[in-house]
Amino acid sequence: MTKRAVVAGVGHYLPDRIMKNSEFEASLDTSDEWIRSRSGIERRHLAAPGQTTSDMATRAARAALADAGLAVDDLDAIILATSTADFIFPSAATMVQAELGMTKGFAFDVQAVCAGFIYALANANALILSGQAGRVMIIGAETFSRIMDWTDRSTCVLFGDGAGALILEAGEGDGTPADRGVLSTDLNSDGRFRDILYVDGGVSTQTTGYLRMEGKEVFRHAVEKLAATATTALEKVGLTGADVDWVVPHQANIRIIQGTAKKLGLSMDRVVVTVQDHGNTSAASIPLALSVGKERGQIKRGDLVVTEAIGGGLAWGAVVLRW
């Protein structure tokens with residue numbers, strides 16, 4: 001028998017405030033049609049004043065626990081992927097741990113921007129396979145609205161806030177691609193491309209900063225690198241795009257999603273798309289889409305799922321799992 005990290009439950013949380021594209025027209029030289037045509041985004045959710053990343057993460061975590069039929073004491077670890085933690089320290093993950101009433105195990109944050117959930121998922125898988133943990137909560141949560149330059153129409157219209165969570169637990173399989181659970185992971189980064197997607201501030205520079213992006217360059221790298229990492233992850237377990245039931249991509253831009261699907265040889269009816277409703281929620285986008293995909297009845301037990309993301313760093317990667 002082969003140890004596997006199997007999905008036990010999933011959940012998400014979105015703030016109440018919904019901002020439609022038309023609201024930008026009063027302050028920016030833009031329009032609903034312009035935003036939709038270039039990104040596929042129609043609306044996004046924004047955190048309420050005083051609402052934090054850890055608050056949203058905790059709500060998503062509770063939803064995942066309910067979906068799995070588990071109690072907080074059943075968890076051994078929490079990994080929270082975020083670039084917008086409440087404080088410099090402690091980690092947002094430990095704050096979620098406290099809010100949930102979890103008094104054992106361990107919790108920590110992972111920061112790989114939009115690829116953060118993929119990195120966290122790969123780490124959780126490794127913890128389970130090594131025997132360090134038997135059940136791990138992985139959360140992606142962001143309040144990107146707090147690092148937006150609301151005068152920059154090329155960026156502020158693209159992002160939103162939210163949280164998604166997934167629970168992995170130790171299971172067993174036969175060591176074949178038919179097993180349920182995480183089948184392969186592929187992680188990559190290249191710091192030479194830092195300047196095409198970054199925040200121009202931080203602790204050591206003693207500035208707050210805003211998100212800055214060279215959209216055309218990010219797009220060029222995204223389609224190529226996302227298709228390549230997904231293909232690599234599939235090849236690691238002897239699979240191809242033809243075997244995939246669902247691609248659940250990072251929800252950044254509909255054109256990137258479409259371009260990646262085309263390179264993988266997949267039709268869009270096999271892609272879970274939520275970007276129109278949530279915008280780009282960075283590390284939260286994949287777990288949000290997984291939760292919504294299950295809620296819609298798209299993702300079912302036994303389905304082969306490929307999920308991939310790219311973000312600042314550049315950092316990118318993919319995970320292949322059977323639901």
# chains A, B, ... in the order shown; residues from 1 in each chain; ligands from 1
>>> residues_around(residues="range 288-290 of chain A", least_positions_apart="5", cutoff="9 Å", atoms="only C-alpha atoms", output="PDB file with C-alpha atoms, in the first residue's frame")
ATOM      1  CA  VAL A  10     -13.360  22.044   1.385  1.00  0.00           C
ATOM      2  CA  GLY A  11     -14.972  25.395   2.152  1.00  0.00           C
ATOM      3  CA  HIS A  12     -14.804  29.105   1.418  1.00  0.00           C
ATOM      4  CA  TYR A  13     -15.784  32.547   2.617  1.00  0.00           C
ATOM      5  CA  LEU A  14     -16.445  35.778   0.710  1.00  0.00           C
ATOM      6  CA  GLY A 140      -5.596  30.560   1.056  1.00  0.00           C
ATOM      7  CA  GLY A 162     -11.735  36.174   0.072  1.00  0.00           C
ATOM      8  CA  ALA A 163     -10.642  32.864   1.530  1.00  0.00           C
ATOM      9  CA  GLY A 164     -10.815  29.171   0.723  1.00  0.00           C
ATOM     10  CA  ALA A 165      -9.763  26.113   2.710  1.00  0.00           C
ATOM     11  CA  LEU A 166      -9.115  22.444   2.032  1.00  0.00           C
ATOM     12  CA  VAL A 248      -8.981  24.381 -11.516  1.00  0.00           C
ATOM     13  CA  PRO A 249      -6.632  27.237 -12.394  1.00  0.00           C
ATOM     14  CA  HIS A 250      -5.583  30.330 -10.543  1.00  0.00           C
ATOM     15  CA  GLN A 251      -8.379  32.784 -11.329  1.00  0.00           C
ATOM     16  CA  VAL A 272     -13.759  25.531 -13.327  1.00  0.00           C
ATOM     17  CA  VAL A 273     -14.094  29.304 -13.801  1.00  0.00           C
ATOM     18  CA  THR A 274     -14.983  31.749 -11.017  1.00  0.00           C
ATOM     19  CA  VAL A 275     -12.953  34.808 -12.056  1.00  0.00           C
ATOM     20  CA  HIS A 278     -14.376  36.972  -7.505  1.00  0.00           C
ATOM     21  CA  THR A 281      -7.984  36.724  -5.011  1.00  0.00           C
ATOM     22  CA  GLU A 295     -20.767  23.276  -4.502  1.00  0.00           C
ATOM     23  CA  ILE A 299     -16.098  18.297  -8.990  1.00  0.00           C
TER      24      ILE A 299
END
>>> residues_around(residues="range 103-109 of chain A", least_positions_apart="6", cutoff="8 Å", atoms="only C-alpha atoms", output="list in words")
Asp73, Leu75, Asp76, Ala77, Ile78, Ile79, Leu80, Ala81, Thr82, Ser91, Ala92, Ala93, Thr94 and Gln97 of chain A
>>> write_last_selection(atoms="C-alpha atoms", output="PDB file, in the first residue's frame")
ATOM      1  CA  ASP A  73      -9.246  18.723  17.480  1.00  0.00           C
ATOM      2  CA  LEU A  75      -6.410  18.680  12.881  1.00  0.00           C
ATOM      3  CA  ASP A  76      -2.661  18.309  13.342  1.00  0.00           C
ATOM      4  CA  ALA A  77      -1.578  21.395  11.422  1.00  0.00           C
ATOM      5  CA  ILE A  78      -2.705  24.542   9.630  1.00  0.00           C
ATOM      6  CA  ILE A  79      -0.859  26.056   6.678  1.00  0.00           C
ATOM      7  CA  LEU A  80      -2.101  29.470   5.562  1.00  0.00           C
ATOM      8  CA  ALA A  81      -1.030  30.857   2.190  1.00  0.00           C
ATOM      9  CA  THR A  82      -1.194  34.648   2.115  1.00  0.00           C
ATOM     10  CA  SER A  91       1.637  34.335  11.487  1.00  0.00           C
ATOM     11  CA  ALA A  92      -1.977  34.579  10.424  1.00  0.00           C
ATOM     12  CA  ALA A  93      -2.107  30.781  10.672  1.00  0.00           C
ATOM     13  CA  THR A  94      -1.518  30.862  14.424  1.00  0.00           C
ATOM     14  CA  GLN A  97      -5.451  28.301  15.183  1.00  0.00           C
TER      15      GLN A  97
END
>>> select_by_dssp(residues="range 47-273 of chain A", states="alpha helix (DSSP H)", output="ChimeraX atom specification")
/A:53-68,92-100,116-130,215-235,254-264
>>> select_by_dssp(residues="range 58-293 of chain A", states="strand (DSSP E or B)", output="short mmCIF file (atom, residue, chain, number, x, y, z; two decimals) with N, CA and C atoms, in the first residue's frame")
data_model
loop_
_atom_site.label_atom_id
_atom_site.label_comp_id
_atom_site.auth_asym_id
_atom_site.auth_seq_id
_atom_site.Cartn_x
_atom_site.Cartn_y
_atom_site.Cartn_z
N ALA A 77 -2.32 20.23 11.89
CA ALA A 77 -1.58 21.40 11.42
C ALA A 77 -2.46 22.29 10.57
N ILE A 78 -2.07 23.56 10.51
CA ILE A 78 -2.70 24.54 9.63
C ILE A 78 -1.61 25.24 8.84
N ILE A 79 -1.76 25.27 7.53
CA ILE A 79 -0.86 26.06 6.68
C ILE A 79 -1.71 27.11 5.98
N LEU A 80 -1.33 28.37 6.14
CA LEU A 80 -2.10 29.47 5.56
C LEU A 80 -1.24 30.17 4.51
N ALA A 81 -1.70 30.16 3.28
CA ALA A 81 -1.03 30.86 2.19
C ALA A 81 -1.60 32.26 2.07
N PHE A 106 0.53 22.44 15.10
CA PHE A 106 1.32 23.60 14.72
C PHE A 106 0.67 24.32 13.54
N ALA A 107 1.06 25.58 13.35
CA ALA A 107 0.49 26.39 12.28
C ALA A 107 1.55 27.36 11.77
N PHE A 108 1.55 27.58 10.45
CA PHE A 108 2.50 28.53 9.89
C PHE A 108 1.98 29.07 8.57
N ASP A 109 2.54 30.22 8.15
CA ASP A 109 2.17 30.84 6.89
C ASP A 109 3.15 30.45 5.78
N VAL A 110 2.65 30.50 4.54
CA VAL A 110 3.46 30.35 3.34
C VAL A 110 3.20 31.56 2.47
N ARG A 135 -3.44 14.98 9.49
CA ARG A 135 -4.53 15.76 8.89
C ARG A 135 -4.14 17.24 8.92
N VAL A 136 -4.16 17.89 7.76
CA VAL A 136 -3.68 19.27 7.63
C VAL A 136 -4.75 20.13 6.96
N MET A 137 -5.01 21.28 7.56
CA MET A 137 -5.87 22.29 6.96
C MET A 137 -5.00 23.24 6.15
N ILE A 138 -5.32 23.38 4.86
CA ILE A 138 -4.60 24.33 4.00
C ILE A 138 -5.57 25.44 3.63
N ILE A 139 -5.16 26.68 3.87
CA ILE A 139 -6.03 27.84 3.64
C ILE A 139 -5.32 28.81 2.72
N GLY A 140 -6.06 29.41 1.81
CA GLY A 140 -5.60 30.56 1.06
C GLY A 140 -6.51 31.72 1.39
N ALA A 141 -5.95 32.83 1.84
CA ALA A 141 -6.78 33.98 2.24
C ALA A 141 -6.04 35.27 1.94
N GLU A 142 -6.76 36.26 1.42
CA GLU A 142 -6.13 37.52 1.04
C GLU A 142 -7.08 38.71 1.22
N THR A 143 -6.49 39.84 1.62
CA THR A 143 -7.17 41.14 1.56
C THR A 143 -6.35 42.04 0.64
N PHE A 159 -8.44 42.79 -8.76
CA PHE A 159 -8.27 42.00 -7.54
C PHE A 159 -9.45 42.09 -6.59
N ASP A 161 -11.02 40.20 -2.53
CA ASP A 161 -10.71 39.58 -1.24
C ASP A 161 -11.52 38.30 -1.05
N GLY A 162 -11.00 37.40 -0.23
CA GLY A 162 -11.73 36.17 0.07
C GLY A 162 -10.82 35.13 0.66
N ALA A 163 -11.41 33.96 0.93
CA ALA A 163 -10.64 32.86 1.53
C ALA A 163 -11.25 31.52 1.13
N GLY A 164 -10.39 30.54 0.98
CA GLY A 164 -10.81 29.17 0.72
C GLY A 164 -9.96 28.22 1.54
N ALA A 165 -10.49 27.07 1.88
CA ALA A 165 -9.76 26.11 2.71
C ALA A 165 -10.03 24.69 2.24
N LEU A 166 -9.03 23.85 2.41
CA LEU A 166 -9.11 22.44 2.03
C LEU A 166 -8.42 21.62 3.10
N ILE A 167 -8.97 20.48 3.42
CA ILE A 167 -8.37 19.59 4.41
C ILE A 167 -7.85 18.34 3.72
N LEU A 168 -6.57 18.04 3.98
CA LEU A 168 -5.97 16.79 3.52
C LEU A 168 -5.77 15.87 4.72
N GLU A 169 -6.02 14.58 4.52
CA GLU A 169 -5.79 13.61 5.58
C GLU A 169 -5.10 12.38 5.02
N ALA A 170 -4.37 11.68 5.88
CA ALA A 170 -3.64 10.49 5.46
C ALA A 170 -4.60 9.39 5.04
N GLY A 171 -4.31 8.80 3.89
CA GLY A 171 -5.07 7.66 3.40
C GLY A 171 -4.12 6.68 2.74
N GLU A 172 -4.69 5.65 2.14
CA GLU A 172 -3.86 4.66 1.48
C GLU A 172 -4.36 4.40 0.07
N GLY A 173 -3.43 4.04 -0.80
CA GLY A 173 -3.76 3.69 -2.16
C GLY A 173 -2.87 2.57 -2.64
N GLY A 181 -6.44 11.22 -3.80
CA GLY A 181 -5.44 12.00 -3.09
C GLY A 181 -4.48 12.70 -4.02
N VAL A 182 -3.49 13.36 -3.43
CA VAL A 182 -2.47 14.06 -4.21
C VAL A 182 -1.59 13.03 -4.91
N LEU A 183 -1.49 13.16 -6.23
CA LEU A 183 -0.70 12.22 -7.03
C LEU A 183 0.67 12.78 -7.37
N SER A 184 0.77 14.10 -7.59
CA SER A 184 2.06 14.71 -7.90
C SER A 184 2.00 16.20 -7.66
N THR A 185 3.19 16.78 -7.48
CA THR A 185 3.32 18.24 -7.35
C THR A 185 4.51 18.70 -8.18
N ASP A 186 4.47 19.96 -8.59
CA ASP A 186 5.57 20.55 -9.34
C ASP A 186 5.68 22.01 -8.95
N LEU A 187 6.81 22.40 -8.37
CA LEU A 187 7.02 23.77 -7.91
C LEU A 187 8.19 24.41 -8.64
N ASN A 188 8.07 25.72 -8.91
CA ASN A 188 9.10 26.44 -9.64
C ASN A 188 9.14 27.90 -9.20
N SER A 189 10.30 28.53 -9.38
CA SER A 189 10.39 29.98 -9.19
C SER A 189 11.58 30.50 -9.98
N LEU A 197 5.94 41.91 -11.36
CA LEU A 197 4.79 41.77 -10.46
C LEU A 197 5.31 41.81 -9.03
N TYR A 198 5.03 42.92 -8.33
CA TYR A 198 5.60 43.11 -7.00
C TYR A 198 4.82 44.19 -6.25
N VAL A 199 5.11 44.32 -4.97
CA VAL A 199 4.60 45.43 -4.16
C VAL A 199 5.79 46.32 -3.85
N GLY A 202 7.79 47.55 1.85
CA GLY A 202 7.95 46.43 2.76
C GLY A 202 8.62 46.85 4.05
N THR A 207 8.28 51.20 4.16
CA THR A 207 7.18 51.77 3.39
C THR A 207 6.08 50.73 3.28
N LEU A 211 0.62 47.28 -5.04
CA LEU A 211 0.89 46.28 -6.06
C LEU A 211 1.19 46.96 -7.39
N ARG A 212 2.27 46.50 -8.05
CA ARG A 212 2.64 47.00 -9.36
C ARG A 212 2.79 45.82 -10.31
N MET A 213 2.34 45.98 -11.54
CA MET A 213 2.36 44.85 -12.47
C MET A 213 2.54 45.33 -13.90
N TRP A 246 -11.09 17.83 -14.54
CA TRP A 246 -11.24 19.26 -14.29
C TRP A 246 -9.89 19.92 -14.11
N VAL A 247 -9.72 21.06 -14.76
CA VAL A 247 -8.63 21.97 -14.44
C VAL A 247 -9.22 23.06 -13.55
N VAL A 248 -8.56 23.30 -12.41
CA VAL A 248 -8.98 24.38 -11.52
C VAL A 248 -7.80 25.35 -11.43
N PRO A 249 -7.78 26.34 -12.31
CA PRO A 249 -6.63 27.24 -12.39
C PRO A 249 -6.72 28.40 -11.42
N VAL A 271 -13.03 23.22 -17.41
CA VAL A 271 -12.30 24.17 -16.57
C VAL A 271 -13.28 24.83 -15.60
N ASN A 280 -9.32 38.40 -9.10
CA ASN A 280 -8.10 37.70 -8.68
C ASN A 280 -7.95 37.82 -7.17
#
>>> residues_around(residues="range 300-308 of chain A", least_positions_apart="6", cutoff="8 Å", atoms="only C-alpha atoms", output="PyMOL selection string")
chain A and resi 115+118+180+226+229-230+243-250+286+294+316-323
